[in-house]
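Asks: Structure file structure-v8.cif, mmCIF, C-alpha atoms, is pasted below:
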data_data
loop_
_atom_site.label_atom_id
_atom_site.label_comp_id
_atom_site.auth_asym_id
_atom_site.auth_seq_id
_atom_site.Cartn_x
_atom_site.Cartn_y
_atom_site.Cartn_z
CA MET A 1 6.33 -58.10 5.77
CA ALA A 2 7.97 -55.04 7.24
CA SER A 3 11.62 -54.08 7.02
CA PHE A 4 13.29 -52.10 9.77
CA TYR A 5 15.71 -49.19 9.75
CA LEU A 6 17.31 -46.57 11.94
CA VAL A 7 16.96 -43.22 10.23
CA PRO A 8 17.44 -39.56 11.18
CA LYS A 9 14.56 -37.52 12.56
CA VAL A 10 13.95 -34.46 10.39
CA GLN A 11 11.53 -31.55 10.61
CA VAL A 12 9.82 -30.93 7.28
CA SER A 13 7.00 -28.80 5.92
CA THR A 14 3.83 -30.85 5.37
CA PRO A 15 0.20 -29.99 4.50
CA THR A 16 -0.38 -29.93 8.27
CA GLY A 17 2.54 -27.68 9.10
CA LEU A 18 6.08 -28.30 10.28
CA MET A 19 6.34 -31.91 11.35
CA PHE A 20 9.05 -34.16 12.78
CA ARG A 21 9.21 -37.34 10.71
CA PRO A 22 11.58 -40.19 9.91
CA LYS A 23 13.80 -39.16 6.98
CA TYR A 24 13.07 -40.82 3.61
CA ILE A 25 10.21 -43.07 4.82
CA PRO A 26 6.94 -41.04 4.43
CA GLU A 27 7.83 -40.16 0.85
CA LEU A 28 7.64 -43.85 -0.08
CA GLY A 29 3.84 -43.84 0.32
CA VAL A 30 3.75 -47.18 2.15
CA PRO A 31 2.41 -48.08 5.61
CA TRP A 32 5.03 -47.41 8.28
CA ALA A 33 5.40 -47.00 12.04
CA ALA A 34 8.26 -45.44 13.93
CA MET A 35 9.57 -44.96 17.45
CA ASP A 36 11.60 -41.86 18.13
CA TYR A 37 14.63 -41.81 20.43
CA GLY A 38 12.94 -39.24 22.61
CA LEU A 39 14.12 -35.78 21.66
CA ASP A 40 17.30 -37.15 20.13
CA PRO A 41 17.16 -36.94 16.35
CA LYS A 42 16.65 -40.52 15.26
CA PHE A 43 13.85 -43.01 14.62
CA LEU A 44 13.55 -46.77 14.70
CA VAL A 45 11.12 -47.39 11.86
CA GLY A 46 9.37 -50.33 10.24
CA ALA A 47 7.88 -50.06 6.74
CA THR A 48 6.34 -52.42 4.21
CA VAL A 49 8.71 -51.51 1.40
CA SER A 50 9.37 -53.22 -1.92
CA GLN A 51 12.79 -54.68 -2.63
CA ALA A 52 13.54 -51.70 -4.87
CA GLN A 53 12.59 -49.27 -2.12
CA HIS A 54 14.67 -51.23 0.38
CA ASP A 55 17.66 -51.17 -1.94
CA GLU A 56 17.27 -47.43 -2.44
CA LEU A 57 17.09 -46.78 1.33
CA ALA A 58 20.27 -48.81 1.76
CA THR A 59 22.19 -46.38 -0.46
CA HIS A 60 21.88 -43.60 2.12
CA ALA A 61 24.84 -43.30 4.47
CA ASP A 62 22.62 -42.01 7.29
CA VAL A 63 20.32 -45.07 7.19
CA ILE A 64 21.14 -48.18 9.22
CA VAL A 65 19.46 -51.16 7.57
CA ILE A 66 18.35 -53.91 9.95
CA PRO A 67 19.06 -57.34 8.38
CA PRO A 68 16.48 -60.18 8.64
CA LEU A 69 15.22 -60.08 12.22
CA ASP A 70 15.96 -63.64 13.22
CA SER A 71 19.45 -63.80 11.78
CA PRO A 72 22.44 -63.38 14.11
CA VAL A 73 24.64 -60.32 13.99
CA GLY A 74 27.65 -62.56 13.33
CA GLY A 75 31.31 -62.31 14.24
CA ASN A 76 33.95 -59.79 13.35
CA PRO A 77 34.38 -57.58 11.49
CA THR A 78 30.57 -57.17 11.36
CA LEU A 79 30.15 -57.33 15.14
CA THR A 80 32.59 -54.50 15.77
CA GLN A 81 31.12 -52.45 12.93
CA VAL A 82 27.59 -52.83 14.32
CA ARG A 83 28.62 -51.93 17.85
CA ASN A 84 30.58 -48.87 16.69
CA ARG A 85 27.83 -47.65 14.36
CA LEU A 86 25.14 -47.84 17.05
CA GLU A 87 27.36 -46.31 19.72
CA GLN A 88 28.08 -43.41 17.34
CA GLU A 89 24.33 -42.78 17.50
CA ASN A 90 24.37 -42.85 21.33
CA ILE A 91 22.67 -46.26 21.32
CA PRO A 92 24.19 -48.68 23.86
CA ALA A 93 25.63 -51.60 21.88
CA THR A 94 28.57 -53.10 23.76
CA TRP A 95 26.24 -55.85 24.98
CA ILE A 96 25.74 -57.20 21.44
CA GLN A 97 27.40 -60.58 20.76
CA ALA A 98 27.95 -62.60 17.57
CA THR A 99 24.98 -64.83 18.40
CA THR A 100 22.64 -61.93 19.23
CA THR A 101 19.78 -61.80 16.72
CA TRP A 102 18.70 -58.61 15.02
CA ARG A 103 15.28 -59.04 16.64
CA GLN A 104 17.03 -58.77 20.00
CA VAL A 105 18.92 -55.68 18.82
CA VAL A 106 15.70 -54.01 17.65
CA GLY A 107 14.03 -55.05 20.90
CA HIS A 108 16.67 -53.28 22.96
CA VAL A 109 16.67 -50.17 20.77
CA GLY A 110 12.88 -49.96 20.94
CA ARG A 111 12.93 -50.21 24.72
CA TYR A 112 15.51 -47.43 24.89
CA CYS A 113 13.09 -45.40 22.75
CA LEU A 114 10.25 -46.04 25.21
CA VAL A 115 12.32 -44.81 28.17
CA LEU A 116 13.45 -41.70 26.29
CA GLN A 117 9.90 -40.98 25.09
CA ARG A 118 8.64 -40.95 28.67
CA LEU A 119 11.55 -38.64 29.60
CA HIS A 120 10.39 -36.38 26.79
CA GLY A 121 6.72 -36.56 27.76
CA MET A 122 7.28 -35.92 31.47
CA HIS A 123 10.20 -33.50 31.44
CA ASN A 124 10.56 -32.28 27.84
CA LYS A 125 14.15 -33.47 28.26
CA ARG A 126 16.66 -34.55 25.61
CA LEU A 127 19.00 -37.12 27.15
CA PHE A 128 22.00 -36.56 24.90
CA GLU A 129 22.35 -32.83 25.10
CA PRO A 130 25.68 -31.49 23.79
CA GLY A 131 28.51 -32.92 25.88
CA VAL A 132 26.50 -35.86 27.22
CA THR A 133 27.69 -39.32 26.13
CA LEU A 134 26.79 -42.87 27.04
CA ASP A 135 29.66 -42.84 29.52
CA SER A 136 28.70 -39.59 31.26
CA THR A 137 27.47 -39.90 34.82
CA LEU A 138 24.05 -38.58 35.79
CA THR A 139 23.60 -35.05 37.04
CA SER A 140 21.28 -34.61 39.98
CA THR A 141 18.60 -33.14 37.70
CA LEU A 142 18.86 -35.97 35.18
CA LEU A 143 18.89 -38.55 37.97
CA ALA A 144 15.62 -37.18 39.34
CA GLN A 145 14.08 -37.02 35.86
CA LEU A 146 15.06 -40.60 35.01
CA GLN A 147 13.81 -41.80 38.39
CA SER A 148 10.40 -40.23 37.89
CA SER A 149 10.22 -41.41 34.26
CA GLY A 150 11.14 -44.95 35.26
CA THR A 151 8.69 -44.95 38.15
CA SER A 152 5.97 -43.73 35.80
CA LEU A 153 6.67 -46.75 33.59
CA GLY A 154 6.37 -49.05 36.62
CA LEU A 155 10.11 -49.75 36.75
CA ASN A 156 12.47 -50.25 39.70
CA VAL A 157 14.75 -47.21 39.79
CA SER A 158 16.65 -48.03 43.00
CA ALA A 159 19.89 -48.77 41.09
CA LEU A 160 20.12 -45.22 39.75
CA THR A 161 22.60 -42.99 41.58
CA LEU A 162 24.80 -40.01 40.78
CA SER A 163 27.63 -42.43 39.89
CA THR A 164 25.48 -44.32 37.36
CA THR A 165 26.47 -43.78 33.74
CA VAL A 166 23.91 -42.77 31.14
CA ARG A 167 24.56 -46.13 29.49
CA ASP A 168 23.81 -48.11 32.63
CA ALA A 169 20.79 -45.99 33.49
CA LEU A 170 19.27 -46.42 30.04
CA THR A 171 19.95 -50.13 29.79
CA GLY A 172 18.94 -50.77 33.40
CA LEU A 173 15.55 -49.17 32.88
CA ALA A 174 14.93 -50.49 29.37
CA ASP A 175 15.79 -54.07 30.30
CA GLN A 176 12.83 -54.09 32.71
CA LEU A 177 10.29 -53.26 30.01
CA SER A 178 8.19 -56.02 28.51
CA ALA A 179 7.68 -56.88 24.85
CA PHE A 180 6.39 -54.28 22.42
CA THR A 181 5.08 -54.41 18.87
CA LEU A 182 6.00 -52.42 15.80
CA MET A 183 4.53 -53.01 12.34
CA GLY A 184 3.07 -56.33 13.45
CA GLU A 185 6.37 -57.70 14.77
CA SER A 186 6.87 -58.48 18.44
CA PHE A 187 10.16 -57.49 20.04
CA MET B 188 -20.80 -48.62 28.32
CA ALA B 189 -19.32 -45.75 26.43
CA VAL B 190 -19.33 -42.00 26.37
CA THR B 191 -20.92 -40.53 23.25
CA ASP B 192 -21.48 -37.13 21.70
CA LEU B 193 -23.46 -36.95 18.46
CA PHE B 194 -22.93 -33.16 18.22
CA ASN B 195 -26.63 -32.57 17.41
CA ARG B 196 -27.04 -29.10 18.83
CA ALA B 197 -26.82 -25.46 17.87
CA ASP B 198 -23.72 -24.05 16.23
CA GLY B 199 -21.17 -22.66 18.67
CA GLY B 200 -18.85 -24.08 21.29
CA LEU B 201 -18.69 -27.81 22.04
CA GLY B 202 -20.24 -27.23 25.45
CA ALA B 203 -19.40 -27.72 29.10
CA ASN B 204 -18.48 -31.39 28.72
CA TRP B 205 -15.47 -30.49 26.58
CA GLN B 206 -12.16 -28.84 27.43
CA THR B 207 -9.81 -27.15 24.98
CA VAL B 208 -6.46 -28.90 24.68
CA ASP B 209 -4.92 -27.25 21.64
CA GLY B 210 -5.60 -23.93 19.88
CA SER B 211 -9.17 -22.79 20.41
CA GLY B 212 -10.54 -26.34 20.52
CA GLY B 213 -13.39 -27.78 18.51
CA ALA B 214 -16.80 -26.27 17.79
CA ILE B 215 -20.26 -27.27 16.55
CA SER B 216 -21.22 -26.55 12.94
CA GLY B 217 -24.19 -28.14 11.19
CA ASN B 218 -24.71 -30.83 13.82
CA ALA B 219 -21.10 -31.99 13.51
CA ALA B 220 -17.75 -31.07 15.12
CA ILE B 221 -15.33 -28.78 13.33
CA GLY B 222 -11.91 -27.24 13.98
CA THR B 223 -11.52 -23.60 14.88
CA GLU B 224 -8.00 -22.76 13.72
CA ALA B 225 -7.17 -21.88 10.10
CA ALA B 226 -4.00 -23.72 9.02
CA ASP B 227 -3.25 -24.82 12.57
CA TYR B 228 -4.21 -27.45 15.10
CA SER B 229 -7.21 -27.31 17.41
CA ALA B 230 -8.30 -30.04 19.77
CA SER B 231 -10.65 -30.75 22.66
CA ARG B 232 -11.01 -33.55 25.15
CA TYR B 233 -14.11 -34.95 26.87
CA ASN B 234 -13.83 -33.64 30.41
CA ALA B 235 -17.13 -34.61 32.03
CA VAL B 236 -15.88 -37.95 33.38
CA GLU B 237 -12.58 -39.53 34.39
CA PHE B 238 -10.88 -42.03 32.11
CA ASN B 239 -8.57 -44.97 32.64
CA ALA B 240 -5.17 -44.68 30.93
CA ASP B 241 -6.28 -47.42 28.53
CA GLN B 242 -8.92 -45.81 26.33
CA ARG B 243 -10.24 -45.46 22.80
CA SER B 244 -11.70 -42.67 20.72
CA LEU B 245 -13.87 -43.23 17.64
CA ALA B 246 -15.71 -40.90 15.25
CA GLN B 247 -17.19 -40.77 11.79
CA LYS B 248 -15.77 -38.66 9.00
CA ALA B 249 -18.56 -36.26 8.05
CA ASP B 250 -17.37 -34.57 4.85
CA SER B 251 -14.74 -34.87 2.13
CA ASN B 252 -12.18 -32.59 3.79
CA ASN B 253 -9.24 -34.24 5.52
CA TYR B 254 -7.31 -33.51 8.70
CA ILE B 255 -9.89 -34.50 11.28
CA GLY B 256 -8.67 -36.73 14.06
CA VAL B 257 -9.61 -38.91 16.98
CA ALA B 258 -7.32 -38.52 19.97
CA VAL B 259 -6.35 -40.22 23.23
CA ARG B 260 -4.43 -39.35 26.41
CA MET B 261 -5.06 -35.67 25.86
CA THR B 262 -3.86 -33.12 28.41
CA THR B 263 -3.95 -29.36 28.25
CA GLY B 264 -1.10 -27.49 26.64
CA GLY B 265 -1.25 -29.41 23.36
CA ASN B 266 -0.29 -32.93 24.47
CA TYR B 267 -1.97 -35.97 22.86
CA TYR B 268 -1.89 -38.81 20.32
CA ALA B 269 -4.18 -38.28 17.32
CA PHE B 270 -5.08 -40.42 14.32
CA PHE B 271 -6.05 -38.19 11.41
CA SER B 272 -8.29 -38.97 8.46
CA HIS B 273 -5.41 -38.79 5.98
CA GLY B 274 -3.97 -41.89 7.67
CA SER B 275 -1.42 -40.12 9.85
CA LEU B 276 -0.81 -41.03 13.50
CA GLN B 277 0.79 -38.13 15.29
CA LYS B 278 1.87 -37.18 18.77
CA LEU B 279 1.77 -33.57 19.80
CA VAL B 280 4.04 -32.65 22.70
CA ASN B 281 3.55 -29.10 23.95
CA GLY B 282 2.02 -28.40 20.54
CA SER B 283 5.03 -29.70 18.58
CA GLN B 284 3.93 -32.43 16.17
CA THR B 285 5.70 -35.67 15.28
CA GLU B 286 4.32 -38.20 12.81
CA ILE B 287 4.91 -41.66 14.27
CA ALA B 288 2.99 -43.85 11.83
CA ASN B 289 0.99 -43.76 8.64
CA ALA B 290 -1.67 -46.28 7.72
CA GLY B 291 -0.91 -45.81 4.02
CA THR B 292 -4.59 -45.13 3.33
CA THR B 293 -7.18 -42.44 4.03
CA VAL B 294 -10.60 -42.47 5.66
CA SER B 295 -13.60 -42.10 3.34
CA VAL B 296 -16.68 -39.99 4.06
CA THR B 297 -19.02 -41.73 6.57
CA GLU B 298 -16.33 -44.27 7.50
CA SER B 299 -15.34 -44.58 11.15
CA MET B 300 -11.86 -43.89 12.40
CA GLU B 301 -10.58 -45.03 15.75
CA LEU B 302 -7.50 -44.80 17.93
CA ALA B 303 -7.00 -47.14 20.91
CA VAL B 304 -4.23 -47.06 23.48
CA SER B 305 -3.35 -49.78 25.97
CA GLY B 306 -0.16 -49.46 27.98
CA THR B 307 2.38 -48.24 25.45
CA THR B 308 0.57 -49.75 22.45
CA LEU B 309 -1.44 -47.63 20.03
CA GLU B 310 -3.71 -49.15 17.39
CA MET B 311 -5.37 -47.41 14.44
CA PHE B 312 -8.65 -48.58 12.91
CA ILE B 313 -10.56 -47.51 9.80
CA ALA B 314 -14.12 -48.84 9.47
CA GLY B 315 -13.37 -51.25 12.30
CA VAL B 316 -10.36 -52.81 10.57
CA SER B 317 -6.98 -52.53 12.27
CA LYS B 318 -4.47 -50.52 10.28
CA GLY B 319 -1.53 -51.33 12.48
CA THR B 320 -0.09 -51.18 15.96
CA GLN B 321 2.56 -48.86 17.22
CA SER B 322 4.43 -48.42 20.49
CA ASP B 323 5.07 -45.10 22.19
CA ALA B 324 5.53 -44.18 25.86
CA THR B 325 5.44 -40.39 25.75
CA PHE B 326 2.08 -40.00 27.50
CA SER B 327 0.88 -42.12 30.42
CA SER B 328 -2.58 -40.66 31.00
CA GLY B 329 -5.17 -38.14 29.85
CA LYS B 330 -8.60 -38.13 28.28
CA PRO B 331 -9.94 -38.99 24.82
CA GLY B 332 -11.27 -36.43 22.38
CA ILE B 333 -11.07 -34.94 18.93
CA ALA B 334 -8.46 -33.00 16.95
CA PHE B 335 -8.37 -30.96 13.77
CA PHE B 336 -5.91 -29.29 11.46
CA ASP B 337 -7.46 -26.31 9.69
CA ASN B 338 -11.18 -25.69 10.03
CA PRO B 339 -13.27 -26.86 7.09
CA ALA B 340 -13.32 -30.59 7.91
CA LYS B 341 -16.06 -32.14 10.03
CA LEU B 342 -16.41 -35.26 12.13
CA ASP B 343 -19.51 -36.68 13.77
CA ASN B 344 -20.86 -39.31 16.15
CA TRP B 345 -17.95 -39.48 18.60
CA VAL B 346 -17.65 -42.43 20.98
CA ALA B 347 -15.06 -43.08 23.68
CA GLU B 348 -14.40 -46.00 25.98
CA GLY B 349 -12.29 -46.40 29.09
CA GLU B 350 -14.16 -44.16 31.48
CA VAL B 351 -13.87 -44.68 35.22
CA VAL B 352 -17.12 -45.30 37.08
CA GLY B 353 -17.18 -45.41 40.88
CA GLY B 354 -13.41 -45.60 40.99
CA VAL B 355 -13.26 -48.72 38.82
CA SER B 356 -12.73 -48.43 35.09
CA ILE B 357 -15.29 -49.88 32.71
CA LEU B 358 -12.61 -52.06 31.12
CA ARG B 359 -11.70 -53.43 34.56
CA GLN B 360 -15.38 -53.99 35.44
CA MET B 361 -15.78 -56.03 32.25
CA LEU B 362 -12.73 -58.14 33.10
CA MET B 363 -14.06 -58.73 36.64
CA HIS B 364 -17.51 -59.64 35.29
CA HIS B 365 -16.01 -62.24 32.97
CA GLY B 366 -13.93 -63.73 35.73
#
Could the structure of this file be written out as structure tokens, please?
Replies:
Amino acid sequence: MASFYLVPKVQVSTPTGLMFRPKYIPELGVPWAAMDYGLDPKFLVGATVSQAQHDELATHADVIVIPPLDSPVGGNPTLTQVRNRLEQENIPATWIQATTTWRQVVGHVGRYCLVLQRLHGMHNKRLFEPGVTLDSTLTSTLLAQLQSSGTSLGLNVSALTLSTTVRDALTGLADQLSAFTLMGESF
Amino acid sequence: MAVTDLFNRADGGLGANWQTVDGSGGAISGNAAIGTEAADYSASRYNAVEFNADQRSLAQKADSNNYIGVAVRMTTGGNYYAFFSHGSLQKLVNGSQTEIANAGTTVSVTESMELAVSGTTLEMFIAGVSKGTQSDATFSSGKPGIAFFDNPAKLDNWVAEGEVVGGVSILRQMLMHHG
């Protein structure tokens, strides 16, 4: 069974040249699959790790360990800590409640990844360029790029305007996406 | 129905049915396909027919060298998903490579390797056995083909599915036929 993490995206030298990869994971030598946050430097990753490998990953301050998928996030102080940690990574998290399961959290994060990947593929655009936060409003260029990315994914983009925040744009598009799979789990 | 290329022809370019996507593309060597770039990527897509966005690319590993790949949703300028014989699933965006999955195993000589894409789901196969699914939305369309890193490794007997015939994709025709 796979375990899930949020880890930094790093560029490393490999036998096939310089490669962007999830930090720590490929070196474990286990099957893994990851979704990048578009051009922003983080990955949602699932890997079939041993308990020892899991424990070692958890020692890294830049790794967010996803608890058992069907367990709830729980109340404070955990709830506030989870929200703050994800928001620090420019991942919308104010919607998370005590009863929200980790599978739901991963599902939302993965859908954000899918939107940002299409933005990357169509426009070679990083959403969170320096100075852009979840609470920034869309520029005209970004609005047009998100509209075309969303349309390409078959989504309704009519709610996007110049007064829409990045947070609302990302969640509004991602919430329309259907289930996806990662490492054999459905989210 | 499927598109096939067994690469049984004289050494040289892949021919008019193929279009270079990355580097100098693939080539024919010893009745197999081979890369053309030393210590770099080269890739070609099958350009003789149109393909549905949902498609698959399959080939046989032809020698003991690694770093041959089957690829889907390829467009010019170095954009595609490729599953390489050392178990690595990569996406190349404008030639910049990102590893997005690893099967944790390698492909043996004469074994088949396959990459399928449907919607935003990618699935890797070795010898017909699934080695995992993965989700990625970077590319929405393109054509299947082959990819290489470095130039000693060979692949053979390439097959692709998902081609459009008469404006209706083969996959859709099959669904219509089966009601």
Asks: Run the PyMOL selection byres ((chain A) within 6 of (chain B)) on the file and write out the hits as a list in words.
Replies: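 Output of the PyMOL selection byres ((chain A) within 6 of (chain B)): Met19, Phe20, Arg21, Val30, Pro31, Trp32, Ala33, Ala34, Leu114, Gln117, Arg118, Gly121 and Leu182 of chain A.
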Asks: Neighbouring residues of A:Ala98 were defined as those with any atom within 9 Å, considering all atoms listed in the file; residues of the same chain fewer than 2 positions away were excluded. Please report them as a VMD selection string.
Replies: chain A and resid 72 to 76 78 to 79 96 100 to 101
Asks: Please compute the atom CA of B:Ser328-atom CA of B:Val257 distance, one decimal, in Å.
Replies: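 If I compute the distance from atom CA of B:Ser328 to atom CA of B:Val257, I get 15.8 Å.
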Asks: Could you tell me which residues the PyMOL selection byres ((chain A and resi 23) around 6) grabs in this file, written as a ChimeraX atom specification?
Replies: /A:8-10,22,24-25
Asks: Could you tell me, as a PyMOL selection string, which residues have any atom at most 8 Å from (28.9, -54.9, 21.9), counting all atoms listed in the file?
Replies: chain A and resi 79-80+82-83+93-97
Asks: Translate the PyMOL selection byres ((chain A and resi 112) around 10) into a concrete residue list for this structure, as a ChimeraX atom specification.
Replies: /A:35-38,91-92,106-111,113-117,170-175,177
Asks: Atom CA of A:Met1 and atom CA of A:Glu27, how far apart in Å?
Replies: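 Distance reported for this atom pair: 18.7 Å.
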Asks: Which protein, DNA or RNA residues have an atom at most 7 Å from (-6.5, -42.7, 10.6), counting all atoms listed in the file? List them as a JSON list (two decimals) with C-alpha atoms, in the coordinates of the input.
Replies:
[["chain", "number", "residue", "atom", "x", "y", "z"],
["B", 270, "PHE", "CA", -5.08, -40.42, 14.32],
["B", 271, "PHE", "CA", -6.05, -38.19, 11.41],
["B", 272, "SER", "CA", -8.29, -38.97, 8.46],
["B", 273, "HIS", "CA", -5.41, -38.79, 5.98],
["B", 274, "GLY", "CA", -3.97, -41.89, 7.67],
["B", 275, "SER", "CA", -1.42, -40.12, 9.85],
["B", 276, "LEU", "CA", -0.81, -41.03, 13.50],
["B", 290, "ALA", "CA", -1.67, -46.28, 7.72],
["B", 293, "THR", "CA", -7.18, -42.44, 4.03],
["B", 294, "VAL", "CA", -10.60, -42.47, 5.66],
["B", 300, "MET", "CA", -11.86, -43.89, 12.40],
["B", 301, "GLU", "CA", -10.58, -45.03, 15.75],
["B", 311, "MET", "CA", -5.37, -47.41, 14.44],
["B", 312, "PHE", "CA", -8.65, -48.58, 12.91],
["B", 313, "ILE", "CA", -10.56, -47.51, 9.80]]
